[in-house]
file data-v2.cif (mmCIF, N, CA and C atoms)
data_work
loop_
_atom_site.label_atom_id
_atom_site.label_comp_id
_atom_site.auth_asym_id
_atom_site.auth_seq_id
_atom_site.Cartn_x
_atom_site.Cartn_y
_atom_site.Cartn_z
N MET A 1 0.84 -1.19 0.00
CA MET A 1 0.00 0.00 0.00
C MET A 1 0.88 1.25 0.00
N LYS A 2 0.59 2.14 -0.92
CA LYS A 2 1.37 3.37 -1.05
C LYS A 2 1.04 4.33 0.10
N MET A 3 2.08 4.87 0.71
CA MET A 3 1.88 5.86 1.77
C MET A 3 1.54 7.20 1.13
N LYS A 4 0.63 7.94 1.76
CA LYS A 4 0.22 9.24 1.25
C LYS A 4 0.99 10.34 1.94
N ASP A 5 1.24 11.41 1.21
CA ASP A 5 1.87 12.57 1.84
C ASP A 5 0.78 13.60 2.18
N ALA A 6 1.18 14.66 2.84
CA ALA A 6 0.23 15.68 3.29
C ALA A 6 -0.55 16.27 2.12
N HIS A 7 0.13 16.51 1.02
CA HIS A 7 -0.54 17.10 -0.15
C HIS A 7 -1.67 16.19 -0.65
N GLU A 8 -1.41 14.90 -0.71
CA GLU A 8 -2.43 13.95 -1.17
C GLU A 8 -3.61 13.91 -0.20
N LEU A 9 -3.33 13.96 1.10
CA LEU A 9 -4.40 13.97 2.10
C LEU A 9 -5.27 15.21 1.95
N VAL A 10 -4.64 16.35 1.72
CA VAL A 10 -5.39 17.60 1.53
C VAL A 10 -6.25 17.52 0.27
N LEU A 11 -5.70 17.01 -0.82
CA LEU A 11 -6.47 16.88 -2.06
C LEU A 11 -7.69 15.98 -1.86
N GLU A 12 -7.50 14.88 -1.14
CA GLU A 12 -8.63 13.99 -0.86
C GLU A 12 -9.68 14.68 0.00
N ALA A 13 -9.23 15.43 1.01
CA ALA A 13 -10.16 16.15 1.87
C ALA A 13 -10.93 17.19 1.07
N LYS A 14 -10.24 17.93 0.21
CA LYS A 14 -10.90 18.97 -0.59
C LYS A 14 -11.95 18.38 -1.53
N ALA A 15 -11.76 17.13 -1.92
CA ALA A 15 -12.75 16.48 -2.79
C ALA A 15 -14.02 16.14 -2.02
N ARG A 16 -13.93 16.10 -0.69
CA ARG A 16 -15.08 15.70 0.14
C ARG A 16 -15.77 16.87 0.83
N ILE A 17 -15.18 18.05 0.79
CA ILE A 17 -15.74 19.18 1.54
C ILE A 17 -16.25 20.26 0.60
N THR A 18 -16.86 21.28 1.18
CA THR A 18 -17.29 22.44 0.41
C THR A 18 -16.36 23.60 0.72
N GLU A 19 -15.82 24.19 -0.32
CA GLU A 19 -15.01 25.39 -0.15
C GLU A 19 -15.79 26.57 -0.70
N VAL A 20 -15.69 27.70 -0.01
CA VAL A 20 -16.32 28.92 -0.52
C VAL A 20 -15.23 29.82 -1.07
N SER A 21 -15.52 30.41 -2.21
CA SER A 21 -14.56 31.32 -2.83
C SER A 21 -14.70 32.70 -2.20
N LEU A 22 -13.73 33.56 -2.43
CA LEU A 22 -13.78 34.90 -1.86
C LEU A 22 -15.04 35.67 -2.22
N PRO A 23 -15.55 35.57 -3.46
CA PRO A 23 -16.80 36.28 -3.75
C PRO A 23 -17.99 35.76 -2.93
N GLN A 24 -17.93 34.52 -2.45
CA GLN A 24 -19.02 33.93 -1.68
C GLN A 24 -18.80 34.02 -0.17
N VAL A 25 -17.62 34.41 0.25
CA VAL A 25 -17.24 34.28 1.66
C VAL A 25 -18.05 35.18 2.59
N ASP A 26 -18.37 36.39 2.18
CA ASP A 26 -19.12 37.29 3.07
C ASP A 26 -20.48 36.70 3.41
N ASP A 27 -21.15 36.13 2.42
CA ASP A 27 -22.45 35.51 2.65
C ASP A 27 -22.32 34.30 3.57
N ALA A 28 -21.30 33.48 3.35
CA ALA A 28 -21.08 32.30 4.19
C ALA A 28 -20.80 32.71 5.63
N ILE A 29 -20.01 33.75 5.82
CA ILE A 29 -19.69 34.22 7.17
C ILE A 29 -20.93 34.79 7.85
N THR A 30 -21.75 35.51 7.11
CA THR A 30 -22.98 36.07 7.67
C THR A 30 -23.91 34.97 8.17
N ARG A 31 -23.98 33.86 7.45
CA ARG A 31 -24.86 32.74 7.83
C ARG A 31 -24.25 31.83 8.90
N ALA A 32 -22.95 31.93 9.12
CA ALA A 32 -22.26 30.99 10.01
C ALA A 32 -22.57 31.24 11.48
N ALA A 33 -22.70 30.15 12.21
CA ALA A 33 -22.81 30.23 13.68
C ALA A 33 -21.45 30.57 14.27
N ALA A 34 -20.38 30.16 13.58
CA ALA A 34 -19.01 30.47 14.02
C ALA A 34 -18.06 30.42 12.84
N VAL A 35 -17.09 31.31 12.88
CA VAL A 35 -15.98 31.29 11.94
C VAL A 35 -14.78 30.86 12.78
N ILE A 36 -14.15 29.77 12.38
CA ILE A 36 -13.09 29.18 13.18
C ILE A 36 -11.77 29.22 12.42
N ASP A 37 -10.79 29.88 13.05
CA ASP A 37 -9.43 29.94 12.54
C ASP A 37 -8.69 28.75 13.14
N VAL A 38 -8.28 27.80 12.30
CA VAL A 38 -7.64 26.59 12.81
C VAL A 38 -6.12 26.68 12.84
N ARG A 39 -5.59 27.90 12.62
CA ARG A 39 -4.15 28.09 12.68
C ARG A 39 -3.67 28.09 14.14
N GLU A 40 -2.39 28.15 14.32
CA GLU A 40 -1.81 28.19 15.66
C GLU A 40 -2.02 29.58 16.27
N PRO A 41 -2.01 29.66 17.60
CA PRO A 41 -2.28 30.94 18.28
C PRO A 41 -1.39 32.09 17.83
N ASP A 42 -0.11 31.85 17.58
CA ASP A 42 0.77 32.94 17.16
C ASP A 42 0.37 33.46 15.78
N GLU A 43 -0.10 32.60 14.90
CA GLU A 43 -0.58 33.03 13.59
C GLU A 43 -1.84 33.87 13.75
N TYR A 44 -2.75 33.41 14.60
CA TYR A 44 -4.01 34.11 14.85
C TYR A 44 -3.75 35.51 15.40
N ARG A 45 -2.82 35.62 16.36
CA ARG A 45 -2.52 36.93 16.96
C ARG A 45 -2.00 37.92 15.94
N GLN A 46 -1.29 37.44 14.93
CA GLN A 46 -0.72 38.33 13.92
C GLN A 46 -1.79 38.92 13.00
N GLY A 47 -2.96 38.31 12.94
CA GLY A 47 -4.06 38.81 12.13
C GLY A 47 -5.01 37.69 11.80
N HIS A 48 -6.32 38.02 11.83
CA HIS A 48 -7.34 37.02 11.55
C HIS A 48 -8.59 37.68 11.00
N VAL A 49 -9.49 36.85 10.51
CA VAL A 49 -10.78 37.32 10.02
C VAL A 49 -11.54 37.92 11.21
N PRO A 50 -12.06 39.13 11.07
CA PRO A 50 -12.80 39.73 12.19
C PRO A 50 -13.94 38.82 12.66
N GLY A 51 -14.02 38.62 13.96
CA GLY A 51 -15.06 37.78 14.54
C GLY A 51 -14.71 36.31 14.64
N ALA A 52 -13.60 35.91 14.04
CA ALA A 52 -13.21 34.50 14.07
C ALA A 52 -12.71 34.11 15.46
N ILE A 53 -12.99 32.86 15.83
CA ILE A 53 -12.43 32.33 17.06
C ILE A 53 -11.28 31.41 16.70
N ASN A 54 -10.30 31.35 17.57
CA ASN A 54 -9.11 30.53 17.30
C ASN A 54 -9.23 29.21 18.03
N ILE A 55 -9.35 28.13 17.25
CA ILE A 55 -9.28 26.78 17.80
C ILE A 55 -8.27 26.04 16.92
N PRO A 56 -7.03 25.92 17.39
CA PRO A 56 -6.00 25.28 16.57
C PRO A 56 -6.42 23.89 16.09
N ARG A 57 -5.97 23.53 14.92
CA ARG A 57 -6.30 22.26 14.28
C ARG A 57 -6.14 21.07 15.22
N GLY A 58 -5.08 21.05 15.98
CA GLY A 58 -4.82 19.92 16.86
C GLY A 58 -5.79 19.78 18.03
N LEU A 59 -6.55 20.84 18.31
CA LEU A 59 -7.50 20.82 19.42
C LEU A 59 -8.95 20.83 18.97
N LEU A 60 -9.19 20.99 17.69
CA LEU A 60 -10.53 21.26 17.17
C LEU A 60 -11.59 20.26 17.61
N GLU A 61 -11.36 18.98 17.36
CA GLU A 61 -12.37 17.98 17.70
C GLU A 61 -12.67 17.97 19.20
N PHE A 62 -11.62 18.14 20.00
CA PHE A 62 -11.79 18.13 21.45
C PHE A 62 -12.54 19.36 21.93
N LYS A 63 -12.19 20.53 21.39
CA LYS A 63 -12.85 21.78 21.80
C LYS A 63 -14.32 21.77 21.40
N LEU A 64 -14.63 21.32 20.18
CA LEU A 64 -16.03 21.29 19.76
C LEU A 64 -16.84 20.29 20.58
N SER A 65 -16.23 19.16 20.90
CA SER A 65 -16.93 18.16 21.71
C SER A 65 -17.23 18.70 23.11
N GLY A 66 -16.37 19.60 23.60
CA GLY A 66 -16.55 20.14 24.94
C GLY A 66 -17.22 21.49 25.00
N SER A 67 -17.71 22.01 23.87
CA SER A 67 -18.33 23.33 23.82
C SER A 67 -19.81 23.19 23.46
N PRO A 68 -20.69 23.25 24.46
CA PRO A 68 -22.13 23.08 24.17
C PRO A 68 -22.65 24.03 23.10
N GLU A 69 -22.11 25.26 23.06
CA GLU A 69 -22.59 26.23 22.08
C GLU A 69 -22.20 25.87 20.65
N LEU A 70 -21.23 24.98 20.49
CA LEU A 70 -20.81 24.55 19.15
C LEU A 70 -21.10 23.07 18.90
N ALA A 71 -21.86 22.46 19.78
CA ALA A 71 -22.10 21.01 19.67
C ALA A 71 -23.18 20.64 18.67
N GLY A 72 -24.06 21.59 18.30
CA GLY A 72 -25.13 21.29 17.36
C GLY A 72 -24.59 20.91 16.01
N ARG A 73 -24.88 19.70 15.58
CA ARG A 73 -24.31 19.20 14.32
C ARG A 73 -24.88 19.90 13.09
N ASP A 74 -25.95 20.68 13.25
CA ASP A 74 -26.53 21.41 12.12
C ASP A 74 -26.05 22.86 12.05
N LEU A 75 -25.16 23.26 12.96
CA LEU A 75 -24.66 24.63 12.95
C LEU A 75 -23.80 24.88 11.70
N PRO A 76 -24.04 25.99 11.01
CA PRO A 76 -23.16 26.31 9.89
C PRO A 76 -21.82 26.85 10.41
N LEU A 77 -20.74 26.21 10.02
CA LEU A 77 -19.40 26.60 10.45
C LEU A 77 -18.54 26.93 9.24
N VAL A 78 -17.73 27.97 9.36
CA VAL A 78 -16.77 28.34 8.32
C VAL A 78 -15.38 28.22 8.94
N LEU A 79 -14.52 27.45 8.30
CA LEU A 79 -13.15 27.24 8.78
C LEU A 79 -12.16 27.86 7.82
N TYR A 80 -11.01 28.25 8.36
CA TYR A 80 -9.91 28.68 7.49
C TYR A 80 -8.58 28.50 8.20
N CYS A 81 -7.53 28.47 7.40
CA CYS A 81 -6.16 28.42 7.90
C CYS A 81 -5.35 29.37 7.02
N LYS A 82 -4.06 29.16 6.90
CA LYS A 82 -3.23 30.06 6.10
C LYS A 82 -3.54 29.95 4.61
N SER A 83 -3.52 28.72 4.09
CA SER A 83 -3.70 28.58 2.64
C SER A 83 -4.80 27.60 2.24
N SER A 84 -5.44 26.96 3.18
CA SER A 84 -6.62 26.10 3.04
C SER A 84 -6.38 24.63 3.28
N GLY A 85 -5.16 24.17 3.45
CA GLY A 85 -4.89 22.76 3.67
C GLY A 85 -5.37 22.25 5.02
N ARG A 86 -4.95 22.92 6.09
CA ARG A 86 -5.37 22.49 7.43
C ARG A 86 -6.88 22.61 7.59
N ALA A 87 -7.46 23.67 7.03
CA ALA A 87 -8.91 23.86 7.13
C ALA A 87 -9.65 22.76 6.38
N ALA A 88 -9.13 22.33 5.25
CA ALA A 88 -9.77 21.24 4.50
C ALA A 88 -9.74 19.95 5.32
N LEU A 89 -8.60 19.65 5.93
CA LEU A 89 -8.51 18.46 6.77
C LEU A 89 -9.44 18.57 7.97
N ALA A 90 -9.51 19.76 8.56
CA ALA A 90 -10.38 19.98 9.71
C ALA A 90 -11.85 19.84 9.32
N ALA A 91 -12.23 20.41 8.18
CA ALA A 91 -13.62 20.31 7.72
C ALA A 91 -14.00 18.86 7.47
N CYS A 92 -13.10 18.10 6.89
CA CYS A 92 -13.34 16.68 6.64
C CYS A 92 -13.54 15.94 7.97
N SER A 93 -12.73 16.25 8.94
CA SER A 93 -12.85 15.63 10.25
C SER A 93 -14.18 15.97 10.91
N LEU A 94 -14.60 17.23 10.81
CA LEU A 94 -15.88 17.63 11.40
C LEU A 94 -17.05 16.93 10.70
N GLN A 95 -16.94 16.74 9.39
CA GLN A 95 -17.97 15.98 8.69
C GLN A 95 -18.04 14.57 9.24
N GLN A 96 -16.89 13.97 9.51
CA GLN A 96 -16.87 12.62 10.08
C GLN A 96 -17.49 12.59 11.47
N MET A 97 -17.43 13.73 12.18
CA MET A 97 -18.05 13.84 13.51
C MET A 97 -19.55 14.06 13.40
N GLY A 98 -20.05 14.29 12.18
CA GLY A 98 -21.48 14.46 11.99
C GLY A 98 -21.94 15.89 11.75
N TYR A 99 -21.01 16.83 11.66
CA TYR A 99 -21.39 18.22 11.35
C TYR A 99 -21.87 18.26 9.89
N LEU A 100 -22.99 18.90 9.68
CA LEU A 100 -23.67 18.86 8.38
C LEU A 100 -23.40 20.06 7.50
N SER A 101 -22.95 21.17 8.08
CA SER A 101 -22.80 22.40 7.31
C SER A 101 -21.45 23.05 7.61
N VAL A 102 -20.40 22.42 7.12
CA VAL A 102 -19.04 22.91 7.34
C VAL A 102 -18.47 23.33 5.99
N THR A 103 -17.94 24.55 5.94
CA THR A 103 -17.27 25.02 4.73
C THR A 103 -15.89 25.53 5.08
N SER A 104 -15.05 25.60 4.09
CA SER A 104 -13.68 26.08 4.24
C SER A 104 -13.49 27.23 3.25
N ILE A 105 -12.73 28.23 3.65
CA ILE A 105 -12.46 29.36 2.76
C ILE A 105 -11.36 28.95 1.77
N ALA A 106 -11.68 28.93 0.48
CA ALA A 106 -10.71 28.58 -0.55
C ALA A 106 -9.55 29.57 -0.51
N GLY A 107 -8.34 29.05 -0.45
CA GLY A 107 -7.16 29.91 -0.43
C GLY A 107 -6.80 30.41 0.96
N GLY A 108 -7.68 30.19 1.93
CA GLY A 108 -7.39 30.54 3.32
C GLY A 108 -7.16 32.01 3.58
N PHE A 109 -6.46 32.27 4.67
CA PHE A 109 -6.21 33.65 5.09
C PHE A 109 -5.34 34.39 4.08
N ASP A 110 -4.47 33.66 3.39
CA ASP A 110 -3.66 34.30 2.34
C ASP A 110 -4.56 34.93 1.28
N ALA A 111 -5.59 34.21 0.84
CA ALA A 111 -6.52 34.73 -0.17
C ALA A 111 -7.31 35.90 0.41
N TRP A 112 -7.70 35.80 1.68
CA TRP A 112 -8.41 36.88 2.37
C TRP A 112 -7.57 38.16 2.34
N LEU A 113 -6.29 38.05 2.68
CA LEU A 113 -5.39 39.21 2.67
C LEU A 113 -5.22 39.77 1.26
N GLU A 114 -5.02 38.87 0.31
CA GLU A 114 -4.80 39.28 -1.08
C GLU A 114 -6.01 40.05 -1.63
N ALA A 115 -7.21 39.69 -1.15
CA ALA A 115 -8.43 40.35 -1.60
C ALA A 115 -8.66 41.69 -0.88
N GLY A 116 -7.78 42.03 0.05
CA GLY A 116 -7.91 43.31 0.75
C GLY A 116 -9.02 43.33 1.78
N LYS A 117 -9.42 42.16 2.27
CA LYS A 117 -10.48 42.08 3.27
C LYS A 117 -9.96 42.58 4.62
N PRO A 118 -10.86 42.98 5.52
CA PRO A 118 -10.42 43.51 6.82
C PRO A 118 -9.73 42.44 7.67
N VAL A 119 -8.80 42.89 8.50
CA VAL A 119 -8.04 42.00 9.36
C VAL A 119 -8.13 42.51 10.79
N ALA A 120 -8.39 41.60 11.71
CA ALA A 120 -8.38 41.92 13.14
C ALA A 120 -7.10 41.36 13.73
N ARG A 121 -6.66 41.99 14.81
CA ARG A 121 -5.49 41.50 15.52
C ARG A 121 -5.87 41.25 16.97
N ALA A 122 -5.19 40.32 17.61
CA ALA A 122 -5.56 39.98 18.99
C ALA A 122 -4.36 39.97 19.90
N ASP A 123 -4.56 40.50 21.08
CA ASP A 123 -3.54 40.41 22.12
C ASP A 123 -3.82 39.22 23.02
N GLU A 124 -5.06 38.76 23.01
CA GLU A 124 -5.44 37.62 23.84
C GLU A 124 -5.95 36.51 22.95
N LEU A 125 -5.89 35.31 23.44
CA LEU A 125 -6.35 34.14 22.69
C LEU A 125 -7.83 33.92 22.93
N ASP A 126 -8.57 33.61 21.89
CA ASP A 126 -9.99 33.36 22.01
C ASP A 126 -10.32 31.90 22.26
N PHE A 127 -9.34 30.99 22.12
CA PHE A 127 -9.67 29.57 22.21
C PHE A 127 -9.57 29.04 23.62
N GLU A 128 -9.06 29.81 24.54
CA GLU A 128 -8.90 29.30 25.91
C GLU A 128 -10.15 29.46 26.71
#

call {"tool": "encode", "arguments": {"input": "data-v2.cif", "output": "structure tokens"}}
result
Amino acid sequence: MKMKDAHELVLEAKARITEVSLPQVDDAITRAAAVIDVREPDEYRQGHVPGAINIPRGLLEFKLSGSPELAGRDLPLVLYCKSSGRAALAACSLQQMGYLSVTSIAGGFDAWLEAGKPVARADELDFE
């Protein structure tokens, strides 16, 4: 059996999830119960989508399982990371947990910045 690399895993995840493009992102964010930045805390502090909460990829399943306000499997969630790989893997994982309305921002925070969208900065972590 051939071993897969990270790129192959991301491609497989992207084939199973829904990504929203930048022209669609404002509508998706407006409808979302939560926008979740799955990057690491230091990345989040440097700049993030306004209103996004930081739940690093490695903690996502555990934090959602322990957060009653995010436990509803029908909640619309929008995820993003730097370039969309981690968010695609995270969205795929949440689908496996039974979440029905999970989307990922195509191109991630890099695409958000390139499009000139607003950026928030944080001195404190939102995921704790």

call {"tool": "closest_atom_pairs", "arguments": {"input": "data-v2.cif", "of": "region 13-35 of chain A", "to": "region 99-103 of chain A", "cutoff": "6 Å", "atoms": "only N, CA and C atoms", "output": "JSON lines"}}
result
{"residue": "A:Thr18", "atom": "C", "partner": "A:Thr103", "partner_atom": "CA", "distance": 4.4}
{"residue": "A:Glu19", "atom": "CA", "partner": "A:Thr103", "partner_atom": "C", "distance": 5.3}
{"residue": "A:Val20", "atom": "N", "partner": "A:Thr103", "partner_atom": "C", "distance": 5.5}

call {"tool": "select_by_dssp", "arguments": {"input": "data-v2.cif", "residues": "chain A", "states": "alpha helix (DSSP H)", "output": "PyMOL selection string"}}
result
chain A and resi 6-16+22-31+41-46+60-65+85-96+108-114

call {"tool": "residues_around", "arguments": {"input": "data-v2.cif", "residues": "Gly98 (chain A)", "least_positions_apart": "4", "cutoff": "6.5 Å", "atoms": "only N, CA and C atoms", "output": "PyMOL selection string"}}
result
chain A and resi 73-74+93-94

call {"tool": "write_last_selection", "arguments": {"input": "data-v2.cif", "atoms": "N, CA and C atoms", "output": "PDB file, in the frame of the given file"}}
result
ATOM      1  N   ARG A  73     -24.880  19.700  15.580  1.00  0.00           N
ATOM      2  CA  ARG A  73     -24.310  19.200  14.320  1.00  0.00           C
ATOM      3  C   ARG A  73     -24.880  19.900  13.090  1.00  0.00           C
ATOM      4  N   ASP A  74     -25.950  20.680  13.250  1.00  0.00           N
ATOM      5  CA  ASP A  74     -26.530  21.410  12.120  1.00  0.00           C
ATOM      6  C   ASP A  74     -26.050  22.860  12.050  1.00  0.00           C
ATOM      7  N   SER A  93     -12.730  16.250   8.940  1.00  0.00           N
ATOM      8  CA  SER A  93     -12.850  15.630  10.250  1.00  0.00           C
ATOM      9  C   SER A  93     -14.180  15.970  10.910  1.00  0.00           C
ATOM     10  N   LEU A  94     -14.600  17.230  10.810  1.00  0.00           N
ATOM     11  CA  LEU A  94     -15.880  17.630  11.400  1.00  0.00           C
ATOM     12  C   LEU A  94     -17.050  16.930  10.700  1.00  0.00           C
TER      13      LEU A  94
END

call {"tool": "atom_distance", "arguments": {"input": "data-v2.cif", "atom1": "atom N of Ser21 (chain A)", "atom2": "CA of Leu75 (chain A)"}}
result
18.6 Å

call {"tool": "atom_distance", "arguments": {"input": "data-v2.cif", "atom1": "atom C of Asp5 (chain A)", "atom2": "atom N of Ile105 (chain A)"}}
result
20.0 Å

call {"tool": "atom_distance", "arguments": {"input": "data-v2.cif", "atom1": "atom N of Leu70 (chain A)", "atom2": "atom N of Ala34 (chain A)"}}
result
8.7 Å

call {"tool": "resolve_selection", "arguments": {"input": "data-v2.cif", "expression": "the PyMOL selection byres ((chain A and resi 109) around 5)", "output": "PyMOL selection string"}}
result
chain A and resi 81-83+107-108+110-113
